[in-house]
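Pasting data_1.cif here (mmCIF, C-alpha atoms and all ligand atoms; chains and numbers go by the auth columns):
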data_my_file
loop_
_atom_site.group_PDB
_atom_site.id
_atom_site.type_symbol
_atom_site.label_atom_id
_atom_site.label_comp_id
_atom_site.label_asym_id
_atom_site.label_seq_id
_atom_site.Cartn_x
_atom_site.Cartn_y
_atom_site.Cartn_z
_atom_site.B_iso_or_equiv
_atom_site.auth_seq_id
_atom_site.auth_asym_id
ATOM 1 C CA MET A 1 31.532 54.634 18.765 0.00 9 A
ATOM 2 C CA THR A 2 29.571 55.147 21.931 0.00 10 A
ATOM 3 C CA ASN A 3 26.597 53.175 23.194 0.00 11 A
ATOM 4 C CA ALA A 4 24.140 55.710 21.816 0.00 12 A
ATOM 5 C CA PRO A 5 20.696 54.148 21.146 0.00 13 A
ATOM 6 C CA LYS A 6 20.370 52.875 17.608 0.00 14 A
ATOM 7 C CA GLN A 7 18.517 55.287 15.350 0.00 15 A
ATOM 8 C CA PRO A 8 15.916 53.805 12.984 0.00 16 A
ATOM 9 C CA PRO A 9 16.771 54.156 9.312 0.00 17 A
ATOM 10 C CA ALA A 10 15.610 57.463 7.986 0.00 18 A
ATOM 11 C CA GLU A 11 13.338 55.900 5.296 0.00 19 A
ATOM 12 C CA ASP A 12 10.976 54.271 7.832 0.00 20 A
ATOM 13 C CA ALA A 13 7.916 56.499 7.705 0.00 21 A
ATOM 14 C CA ILE A 14 6.009 57.337 10.843 0.00 22 A
ATOM 15 C CA ARG A 15 2.398 56.204 10.807 0.00 23 A
ATOM 16 C CA GLU A 16 -0.287 58.814 11.061 0.00 24 A
ATOM 17 C CA HIS A 17 -2.058 57.857 14.248 0.00 25 A
ATOM 18 C CA THR A 18 -1.012 58.814 17.726 0.00 26 A
ATOM 19 C CA PHE A 19 -2.195 57.053 20.878 0.00 27 A
ATOM 20 C CA ASP A 20 -1.494 58.650 24.202 0.00 28 A
ATOM 21 C CA GLY A 21 1.229 60.572 22.474 0.00 29 A
ATOM 22 C CA ILE A 22 2.868 57.412 21.183 0.00 30 A
ATOM 23 C CA GLN A 23 3.623 57.028 17.486 0.00 31 A
ATOM 24 C CA GLU A 24 4.910 54.004 15.566 0.00 32 A
ATOM 25 C CA TYR A 25 7.123 53.446 12.577 0.00 33 A
ATOM 26 C CA ASP A 26 5.676 51.858 9.468 0.00 34 A
ATOM 27 C CA LYS A 27 8.138 48.996 9.291 0.00 35 A
ATOM 28 C CA ARG A 28 8.361 46.383 6.571 0.00 36 A
ATOM 29 C CA LEU A 29 8.059 42.752 7.759 0.00 37 A
ATOM 30 C CA PRO A 30 11.513 41.205 7.948 0.00 38 A
ATOM 31 C CA ASN A 31 12.496 38.985 5.029 0.00 39 A
ATOM 32 C CA TRP A 32 13.106 35.953 7.211 0.00 40 A
ATOM 33 C CA TRP A 33 9.547 36.275 8.510 0.00 41 A
ATOM 34 C CA LEU A 34 8.057 36.611 5.025 0.00 42 A
ATOM 35 C CA PHE A 35 10.140 33.701 3.809 0.00 43 A
ATOM 36 C CA THR A 36 8.800 31.485 6.613 0.00 44 A
ATOM 37 C CA LEU A 37 5.246 32.482 5.757 0.00 45 A
ATOM 38 C CA TYR A 38 5.586 31.767 2.040 0.00 46 A
ATOM 39 C CA ALA A 39 7.482 28.538 2.660 0.00 47 A
ATOM 40 C CA ALA A 40 4.678 27.372 4.982 0.00 48 A
ATOM 41 C CA ILE A 41 2.094 28.143 2.292 0.00 49 A
ATOM 42 C CA ALA A 42 4.102 26.271 -0.333 0.00 50 A
ATOM 43 C CA PHE A 43 4.525 23.328 2.058 0.00 51 A
ATOM 44 C CA TRP A 44 0.799 23.264 2.749 0.00 52 A
ATOM 45 C CA VAL A 45 -0.039 23.087 -0.953 0.00 53 A
ATOM 46 C CA GLY A 46 2.432 20.224 -1.471 0.00 54 A
ATOM 47 C CA TYR A 47 1.227 18.363 1.638 0.00 55 A
ATOM 48 C CA TRP A 48 -2.407 18.722 0.708 0.00 56 A
ATOM 49 C CA PHE A 49 -1.748 17.476 -2.812 0.00 57 A
ATOM 50 C CA TYR A 50 0.405 14.512 -1.710 0.00 58 A
ATOM 51 C CA TYR A 51 -1.787 13.190 1.094 0.00 59 A
ATOM 52 C CA GLN A 52 -5.266 14.544 0.509 0.00 60 A
ATOM 53 C CA ASN A 53 -5.732 15.151 -3.192 0.00 61 A
ATOM 54 C CA ALA A 54 -3.620 12.675 -5.166 0.00 62 A
ATOM 55 C CA LYS A 55 -3.388 10.329 -2.141 0.00 63 A
ATOM 56 C CA ILE A 56 0.151 9.337 -3.071 0.00 64 A
ATOM 57 C CA GLY A 57 1.195 9.341 0.563 0.00 65 A
ATOM 58 C CA LEU A 58 -0.299 6.668 2.801 0.00 66 A
ATOM 59 C CA SER A 59 -2.482 7.685 5.710 0.00 67 A
ATOM 60 C CA ASN A 60 -1.462 6.631 9.213 0.00 68 A
ATOM 61 C CA THR A 61 -4.131 3.939 9.157 0.00 69 A
ATOM 62 C CA GLU A 62 -2.766 2.503 5.936 0.00 70 A
ATOM 63 C CA VAL A 63 0.784 2.565 7.235 0.00 71 A
ATOM 64 C CA LEU A 64 -0.388 0.748 10.366 0.00 72 A
ATOM 65 C CA GLN A 65 -2.313 -1.845 8.363 0.00 73 A
ATOM 66 C CA GLN A 66 0.725 -2.507 6.197 0.00 74 A
ATOM 67 C CA GLU A 67 2.904 -2.965 9.252 0.00 75 A
ATOM 68 C CA LEU A 68 0.399 -5.345 10.859 0.00 76 A
ATOM 69 C CA ALA A 69 0.167 -7.341 7.633 0.00 77 A
ATOM 70 C CA ARG A 70 3.946 -7.541 7.541 0.00 78 A
ATOM 71 C CA ILE A 71 4.124 -8.765 11.136 0.00 79 A
ATOM 72 C CA GLU A 72 1.412 -11.342 10.529 0.00 80 A
ATOM 73 C CA ALA A 73 3.166 -12.404 7.328 0.00 81 A
ATOM 74 C CA ALA A 74 6.372 -13.005 9.263 0.00 82 A
ATOM 75 C CA LYS A 75 4.453 -15.133 11.790 0.00 83 A
ATOM 76 C CA LEU A 76 2.634 -17.123 9.088 0.00 84 A
ATOM 77 C CA ALA A 77 5.818 -17.711 7.122 0.00 85 A
ATOM 78 C CA ASP A 78 7.525 -19.214 10.176 0.00 86 A
ATOM 79 C CA PRO A 79 8.775 -22.623 8.975 0.00 87 A
ATOM 80 C CA ALA A 80 7.626 -24.129 12.285 0.00 88 A
ATOM 81 C CA ASN A 81 4.041 -23.487 11.107 0.00 89 A
ATOM 82 C CA GLN A 82 1.962 -26.250 9.608 0.00 90 A
ATOM 83 C CA LEU A 83 0.776 -25.226 6.150 0.00 91 A
ATOM 84 C CA ASP A 84 -2.812 -26.242 6.914 0.00 92 A
ATOM 85 C CA ASP A 85 -6.140 -24.935 5.620 0.00 93 A
ATOM 86 C CA GLY A 86 -6.417 -22.263 8.331 0.00 94 A
ATOM 87 C CA THR A 87 -2.939 -20.914 7.649 0.00 95 A
ATOM 88 C CA LEU A 88 -3.534 -20.812 3.894 0.00 96 A
ATOM 89 C CA TRP A 89 -6.826 -18.942 4.380 0.00 97 A
ATOM 90 C CA LYS A 90 -5.040 -16.413 6.592 0.00 98 A
ATOM 91 C CA MET A 91 -2.330 -16.007 3.980 0.00 99 A
ATOM 92 C CA SER A 92 -5.022 -15.366 1.396 0.00 100 A
ATOM 93 C CA ARG A 93 -6.191 -12.287 3.385 0.00 101 A
ATOM 94 C CA ASN A 94 -2.668 -10.908 3.687 0.00 102 A
ATOM 95 C CA ALA A 95 -1.380 -8.535 1.002 0.00 103 A
ATOM 96 C CA VAL A 96 2.217 -9.678 1.485 0.00 104 A
ATOM 97 C CA PHE A 97 1.421 -13.203 0.215 0.00 105 A
ATOM 98 C CA VAL A 98 -1.334 -12.236 -2.201 0.00 106 A
ATOM 99 C CA ASP A 99 0.815 -9.646 -3.989 0.00 107 A
ATOM 100 C CA ALA A 100 3.756 -12.040 -4.235 0.00 108 A
ATOM 101 C CA GLY A 101 1.399 -14.803 -5.394 0.00 109 A
ATOM 102 C CA LYS A 102 -0.098 -12.541 -8.016 0.00 110 A
ATOM 103 C CA ALA A 103 3.357 -11.896 -9.464 0.00 111 A
ATOM 104 C CA THR A 104 4.016 -15.647 -9.663 0.00 112 A
ATOM 105 C CA PHE A 105 0.592 -16.277 -11.158 0.00 113 A
ATOM 106 C CA THR A 106 1.199 -13.632 -13.832 0.00 114 A
ATOM 107 C CA THR A 107 4.480 -15.156 -14.944 0.00 115 A
ATOM 108 C CA THR A 108 3.665 -18.838 -14.458 0.00 116 A
ATOM 109 C CA CYS A 109 -0.042 -19.568 -14.610 0.00 117 A
ATOM 110 C CA VAL A 110 -1.830 -17.073 -16.867 0.00 118 A
ATOM 111 C CA SER A 111 -0.836 -18.916 -20.033 0.00 119 A
ATOM 112 C CA CYS A 112 -3.348 -21.642 -19.123 0.00 120 A
ATOM 113 C CA HIS A 113 -5.594 -20.161 -16.432 0.00 121 A
ATOM 114 C CA LYS A 114 -5.777 -16.653 -17.927 0.00 122 A
ATOM 115 C CA GLU A 115 -5.265 -13.254 -16.303 0.00 123 A
ATOM 116 C CA SER A 116 -8.850 -13.345 -15.018 0.00 124 A
ATOM 117 C CA LEU A 117 -8.319 -16.877 -13.591 0.00 125 A
ATOM 118 C CA ARG A 118 -11.328 -17.953 -15.630 0.00 126 A
ATOM 119 C CA GLY A 119 -9.294 -20.448 -17.671 0.00 127 A
ATOM 120 C CA THR A 120 -11.318 -22.504 -20.141 0.00 128 A
ATOM 121 C CA ASP A 121 -14.240 -20.085 -19.792 0.00 129 A
ATOM 122 C CA GLU A 122 -12.045 -17.558 -21.557 0.00 130 A
ATOM 123 C CA GLY A 123 -10.306 -19.821 -24.001 0.00 131 A
ATOM 124 C CA GLY A 124 -7.591 -21.051 -21.634 0.00 132 A
ATOM 125 C CA ILE A 125 -6.354 -24.599 -21.137 0.00 133 A
ATOM 126 C CA GLY A 126 -6.741 -24.874 -17.350 0.00 134 A
ATOM 127 C CA PRO A 127 -10.056 -24.835 -15.483 0.00 135 A
ATOM 128 C CA ASN A 128 -11.706 -21.747 -14.053 0.00 136 A
ATOM 129 C CA LEU A 129 -10.208 -21.029 -10.610 0.00 137 A
ATOM 130 C CA VAL A 130 -12.716 -18.408 -9.485 0.00 138 A
ATOM 131 C CA ASP A 131 -15.934 -20.394 -9.769 0.00 139 A
ATOM 132 C CA ASN A 132 -16.928 -22.890 -7.093 0.00 140 A
ATOM 133 C CA VAL A 133 -16.399 -25.981 -9.201 0.00 141 A
ATOM 134 C CA TRP A 134 -13.288 -27.899 -8.181 0.00 142 A
ATOM 135 C CA ILE A 135 -12.040 -31.074 -9.804 0.00 143 A
ATOM 136 C CA HIS A 136 -9.629 -31.877 -6.994 0.00 144 A
ATOM 137 C CA GLY A 137 -11.417 -30.511 -3.942 0.00 145 A
ATOM 138 C CA ASN A 138 -12.026 -27.010 -2.605 0.00 146 A
ATOM 139 C CA LYS A 139 -9.876 -27.108 0.543 0.00 147 A
ATOM 140 C CA PRO A 140 -6.766 -24.874 0.474 0.00 148 A
ATOM 141 C CA THR A 141 -4.607 -27.942 1.040 0.00 149 A
ATOM 142 C CA ASP A 142 -6.267 -29.603 -1.981 0.00 150 A
ATOM 143 C CA LEU A 143 -5.224 -26.659 -4.147 0.00 151 A
ATOM 144 C CA LEU A 144 -1.745 -26.702 -2.650 0.00 152 A
ATOM 145 C CA LYS A 145 -1.416 -30.378 -3.507 0.00 153 A
ATOM 146 C CA VAL A 146 -2.530 -29.892 -7.115 0.00 154 A
ATOM 147 C CA VAL A 147 -0.188 -26.944 -7.637 0.00 155 A
ATOM 148 C CA ASN A 148 2.670 -28.820 -5.957 0.00 156 A
ATOM 149 C CA GLU A 149 2.283 -32.161 -7.669 0.00 157 A
ATOM 150 C CA GLY A 150 0.337 -31.182 -10.793 0.00 158 A
ATOM 151 C CA VAL A 151 -2.065 -33.411 -12.706 0.00 159 A
ATOM 152 C CA LEU A 152 0.382 -34.496 -15.316 0.00 160 A
ATOM 153 C CA ALA A 153 -2.025 -36.663 -17.297 0.00 161 A
ATOM 154 C CA LYS A 154 -4.391 -33.681 -17.699 0.00 162 A
ATOM 155 C CA GLY A 155 -1.794 -31.076 -18.583 0.00 163 A
ATOM 156 C CA MET A 156 -1.332 -29.332 -15.216 0.00 164 A
ATOM 157 C CA PRO A 157 2.418 -29.259 -14.536 0.00 165 A
ATOM 158 C CA ALA A 158 3.864 -29.965 -11.060 0.00 166 A
ATOM 159 C CA TRP A 159 4.986 -26.539 -9.877 0.00 167 A
ATOM 160 C CA GLY A 160 6.425 -27.399 -6.455 0.00 168 A
ATOM 161 C CA PRO A 161 9.838 -28.477 -7.767 0.00 169 A
ATOM 162 C CA VAL A 162 9.919 -25.593 -10.264 0.00 170 A
ATOM 163 C CA ILE A 163 8.985 -22.550 -8.163 0.00 171 A
ATOM 164 C CA GLY A 164 9.663 -23.899 -4.654 0.00 172 A
ATOM 165 C CA ALA A 165 7.509 -24.207 -1.528 0.00 173 A
ATOM 166 C CA LYS A 166 7.380 -20.477 -0.735 0.00 174 A
ATOM 167 C CA LYS A 167 6.084 -19.352 -4.123 0.00 175 A
ATOM 168 C CA THR A 168 3.723 -22.307 -4.283 0.00 176 A
ATOM 169 C CA SER A 169 2.016 -21.316 -1.031 0.00 177 A
ATOM 170 C CA GLU A 170 1.904 -17.662 -2.137 0.00 178 A
ATOM 171 C CA VAL A 171 0.293 -18.458 -5.465 0.00 179 A
ATOM 172 C CA VAL A 172 -2.302 -20.641 -3.714 0.00 180 A
ATOM 173 C CA ALA A 173 -2.993 -17.722 -1.340 0.00 181 A
ATOM 174 C CA PHE A 174 -3.527 -15.542 -4.407 0.00 182 A
ATOM 175 C CA VAL A 175 -6.046 -17.982 -5.906 0.00 183 A
ATOM 176 C CA LEU A 176 -7.805 -18.270 -2.518 0.00 184 A
ATOM 177 C CA SER A 177 -7.996 -14.488 -2.232 0.00 185 A
ATOM 178 C CA HIS A 178 -10.710 -14.698 -4.913 0.00 186 A
ATOM 179 C CA HIS A 179 -12.838 -16.872 -2.649 0.00 187 A
ATOM 180 C CA GLU A 180 -14.752 -16.358 0.576 0.00 188 A
ATOM 181 C CA VAL A 181 -13.305 -17.819 3.749 0.00 189 A
ATOM 182 C CA PRO A 182 -15.848 -20.490 4.767 0.00 190 A
ATOM 183 C CA ALA A 183 -17.647 -19.892 8.058 0.00 191 A
ATOM 184 C CA GLN A 184 -16.138 -22.007 10.820 0.00 192 A
HETATM 185 C C1 LIG B . 0.242 -25.771 -19.114 0.00 201 B
HETATM 186 C C2 LIG B . -1.012 -25.245 -18.619 0.00 201 B
HETATM 187 C C3 LIG B . -1.127 -24.939 -17.153 0.00 201 B
HETATM 188 C C4 LIG B . -0.348 -24.111 -16.396 0.00 201 B
HETATM 189 C C5 LIG B . 0.847 -23.284 -16.871 0.00 201 B
HETATM 190 C C6 LIG B . -0.905 -24.106 -15.072 0.00 201 B
HETATM 191 N N1 LIG B . -1.995 -24.936 -15.020 0.00 201 B
HETATM 192 FE FE1 LIG B . -3.180 -25.270 -13.404 0.00 201 B
HETATM 193 N N2 LIG B . -4.243 -26.623 -14.438 0.00 201 B
HETATM 194 C C7 LIG B . -4.063 -26.927 -15.778 0.00 201 B
HETATM 195 C C8 LIG B . -5.004 -27.955 -16.149 0.00 201 B
HETATM 196 C C9 LIG B . -5.177 -28.544 -17.544 0.00 201 B
HETATM 197 C C10 LIG B . -5.735 -28.278 -14.985 0.00 201 B
HETATM 198 C C11 LIG B . -6.853 -29.318 -14.863 0.00 201 B
HETATM 199 C C12 LIG B . -6.337 -30.582 -14.282 0.00 201 B
HETATM 200 C C13 LIG B . -7.374 -31.664 -14.262 0.00 201 B
HETATM 201 O O1 LIG B . -8.276 -31.652 -15.118 0.00 201 B
HETATM 202 O O2 LIG B . -7.280 -32.532 -13.385 0.00 201 B
HETATM 203 C C14 LIG B . -5.222 -27.407 -13.931 0.00 201 B
HETATM 204 C C15 LIG B . -5.714 -27.431 -12.634 0.00 201 B
HETATM 205 C C16 LIG B . -5.316 -26.537 -11.660 0.00 201 B
HETATM 206 C C17 LIG B . -5.909 -26.460 -10.351 0.00 201 B
HETATM 207 C C18 LIG B . -6.996 -27.361 -9.803 0.00 201 B
HETATM 208 C C19 LIG B . -8.331 -26.865 -10.244 0.00 201 B
HETATM 209 C C20 LIG B . -9.470 -27.738 -9.756 0.00 201 B
HETATM 210 O O3 LIG B . -10.589 -27.509 -10.258 0.00 201 B
HETATM 211 O O4 LIG B . -9.276 -28.565 -8.885 0.00 201 B
HETATM 212 C C21 LIG B . -5.302 -25.452 -9.693 0.00 201 B
HETATM 213 C C22 LIG B . -5.583 -24.962 -8.296 0.00 201 B
HETATM 214 C C23 LIG B . -4.322 -24.896 -10.606 0.00 201 B
HETATM 215 N N3 LIG B . -4.356 -25.567 -11.773 0.00 201 B
HETATM 216 C C24 LIG B . -3.477 -23.857 -10.289 0.00 201 B
HETATM 217 C C25 LIG B . -2.424 -23.454 -11.101 0.00 201 B
HETATM 218 C C26 LIG B . -1.434 -22.515 -10.686 0.00 201 B
HETATM 219 C C27 LIG B . -1.408 -21.786 -9.352 0.00 201 B
HETATM 220 C C28 LIG B . -0.554 -22.397 -11.732 0.00 201 B
HETATM 221 C C29 LIG B . 0.725 -21.563 -11.777 0.00 201 B
HETATM 222 C C30 LIG B . 1.703 -21.845 -10.744 0.00 201 B
HETATM 223 C C31 LIG B . -1.021 -23.253 -12.791 0.00 201 B
HETATM 224 N N4 LIG B . -2.154 -23.903 -12.375 0.00 201 B
HETATM 225 C C32 LIG B . -0.410 -23.368 -14.010 0.00 201 B
HETATM 226 C C33 LIG B . -3.152 -26.344 -16.638 0.00 201 B
HETATM 227 C C34 LIG B . -2.151 -25.465 -16.264 0.00 201 B
#
Now that the file is in, can you turn its structure into structure tokens?
Amino acid sequence: MTNAPKQPPAEDAIREHTFDGIQEYDKRLPNWWLFTLYAAIAFWVGYWFYYQNAKIGLSNTEVLQQELARIEAAKLADPANQLDDGTLWKMSRNAVFVDAGKATFTTTCVSCHKESLRGTDEGGIGPNLVDNVWIHGNKPTDLLKVVNEGVLAKGMPAWGPVIGAKKTSEVVAFVLSHHEVPAQ
């Protein structure tokens, strides 16, 4: 039990070469070191697959774009805002409104306007919403009015009271997302 220098385990072989009279033991890499190496390799494979190959994970740019869209959505949805043509066009370029509007369209509007929005052109009851022919005007506020108040005599129900103002504006944004924003 003295402080004698620790002797290497007897099974460590001595390597053949000698430099300046110095020899070295042929030591095995420590397990913790090997574990770190293999774990890093496994992590790399998983990372590469998730972000680069299958693209399940979002890139930094995509994360940023989503955040910006969310911030703009919060600004646009501010009740102090006038729901005018400009605001509706902006909403139609924002995934937050368009995605929500798509969900409403799928449950509420496809029965007449069809999944493709092509309506009567595909055997639906309502008119085509993706061509440039509009019965009630092509301004976003015209669409909003029709969806809100309906055209009862022609079989378009008034959706405002049924789905509420928020969903109405979202579903209009979804329809507008199929159209070009007119040059100012
Ligand atoms: C029961 C069938 C029916 C449903 C459901 C329906 N619509 Fe319609 N929609 C119509 C009909 C019919 C017209 C045509 C009205 C006319 O001729 O004046 C129309 C017209 C419209 C127009 C005006 C088109 C133009 O050319 O001016 C818009 C916009 C519209 N619908 C959007 C929607 C949205 C959004 C929904 C879902 C919230 C919806 N509709 C649900 C039947 C329907």
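Excluding His187 in chain A itself and any same-chain residue fewer than 6 positions from it, the protein and nucleic acid residues within 10 Å of it, counting only C-alpha atoms, are Trp97, Ser100, Leu137, Val138, Asp139, Asn140 and Ala181 of chain A.
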Those residues with C-alpha atoms, as a PDB file, in the frame of the given file please?
ATOM      1  CA  TRP A  97      -6.826 -18.942   4.380  1.00  0.00           C
ATOM      2  CA  SER A 100      -5.022 -15.366   1.396  1.00  0.00           C
ATOM      3  CA  LEU A 137     -10.208 -21.029 -10.610  1.00  0.00           C
ATOM      4  CA  VAL A 138     -12.716 -18.408  -9.485  1.00  0.00           C
ATOM      5  CA  ASP A 139     -15.934 -20.394  -9.769  1.00  0.00           C
ATOM      6  CA  ASN A 140     -16.928 -22.890  -7.093  1.00  0.00           C
ATOM      7  CA  ALA A 181      -2.993 -17.722  -1.340  1.00  0.00           C
TER       8      ALA A 181
END
Choose the residue, out of A:Ala62, A:Ala21, A:Val106, A:Leu84, that has the smallest atom-to-atom separation from Arg36 in chain A; count all atoms listed in the file.
A:Ala21
Return as number ranges by chain every polymer residue, whether protein, DNA or RNA, with at least one atom no more than 8 Å from an atom of ligand LIG 201 (chain B); count only C-alpha atoms and all ligand atoms.
A: 112-113, 116-121, 133-137, 141-146, 150-152, 154-155, 158-165, 167, 171, 176, 179-180, 183
Filtering to C-alpha atoms, could you give me those residues as a tab-separated table (two decimals), in the frame of the given file?
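Final file, again.tsv:
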chain	number	residue	atom	x	y	z
A	112	THR	CA	4.02	-15.65	-9.66
A	113	PHE	CA	0.59	-16.28	-11.16
A	116	THR	CA	3.66	-18.84	-14.46
A	117	CYS	CA	-0.04	-19.57	-14.61
A	118	VAL	CA	-1.83	-17.07	-16.87
A	119	SER	CA	-0.84	-18.92	-20.03
A	120	CYS	CA	-3.35	-21.64	-19.12
A	121	HIS	CA	-5.59	-20.16	-16.43
A	133	ILE	CA	-6.35	-24.60	-21.14
A	134	GLY	CA	-6.74	-24.87	-17.35
A	135	PRO	CA	-10.06	-24.84	-15.48
A	136	ASN	CA	-11.71	-21.75	-14.05
A	137	LEU	CA	-10.21	-21.03	-10.61
A	141	VAL	CA	-16.40	-25.98	-9.20
A	142	TRP	CA	-13.29	-27.90	-8.18
A	143	ILE	CA	-12.04	-31.07	-9.80
A	144	HIS	CA	-9.63	-31.88	-6.99
A	145	GLY	CA	-11.42	-30.51	-3.94
A	146	ASN	CA	-12.03	-27.01	-2.60
A	150	ASP	CA	-6.27	-29.60	-1.98
A	151	LEU	CA	-5.22	-26.66	-4.15
A	152	LEU	CA	-1.74	-26.70	-2.65
A	154	VAL	CA	-2.53	-29.89	-7.12
A	155	VAL	CA	-0.19	-26.94	-7.64
A	158	GLY	CA	0.34	-31.18	-10.79
A	159	VAL	CA	-2.06	-33.41	-12.71
A	160	LEU	CA	0.38	-34.50	-15.32
A	161	ALA	CA	-2.02	-36.66	-17.30
A	162	LYS	CA	-4.39	-33.68	-17.70
A	163	GLY	CA	-1.79	-31.08	-18.58
A	164	MET	CA	-1.33	-29.33	-15.22
A	165	PRO	CA	2.42	-29.26	-14.54
A	167	TRP	CA	4.99	-26.54	-9.88
A	171	ILE	CA	8.98	-22.55	-8.16
A	176	THR	CA	3.72	-22.31	-4.28
A	179	VAL	CA	0.29	-18.46	-5.46
A	180	VAL	CA	-2.30	-20.64	-3.71
A	183	VAL	CA	-6.05	-17.98	-5.91
Would you work out the distance separating CA of Gly54 in chain A from CA of Ser67 in chain A, expressed in Å to one decimal?
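Spanning CA of Gly54 in chain A to CA of Ser67 in chain A is a straight-line distance of 15.3 Å.
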Which residue gives the smallest distance to Asn156 in chain A among A:Ile64, A:Leu91, A:Ile30, A:Ala173, with all atoms listed in the file counted?
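Selected residue with least distance to Asn156 in chain A: A:Ala173.
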Atom pair CA of Glu32 in chain A / CA of Lys14 in chain A: separation (Å)
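Distance between the two atoms: 15.6 Å.
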Provide the CA of Tyr59 in chain A to CA of Ala47 in chain A distance in Å, to one decimal place.
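Atom-to-atom, CA of Tyr59 in chain A to CA of Ala47 in chain A, that is 18.0 Å.
Nearest to Asp93 in chain A of all the residues A:Leu37, A:His25, A:Glu188, A:Lys147 is A:Lys147, counting only C-alpha atoms.
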Write out as a ChimeraX atom specification each polymer residue whose atoms come within 12 Å of range 85-89 of chain A, counting all atoms listed in the file; drop sequence neighbours fewer than 3 positions from it.
/A:77-82,92-96,98-99,102,104-105,173-175,177-178
Residues near Arg23 in chain A, cut-off 9 Å, only C-alpha atoms, skip fewer than 5 positions along chain, as a ChimeraX atom specification:
/A:31-34
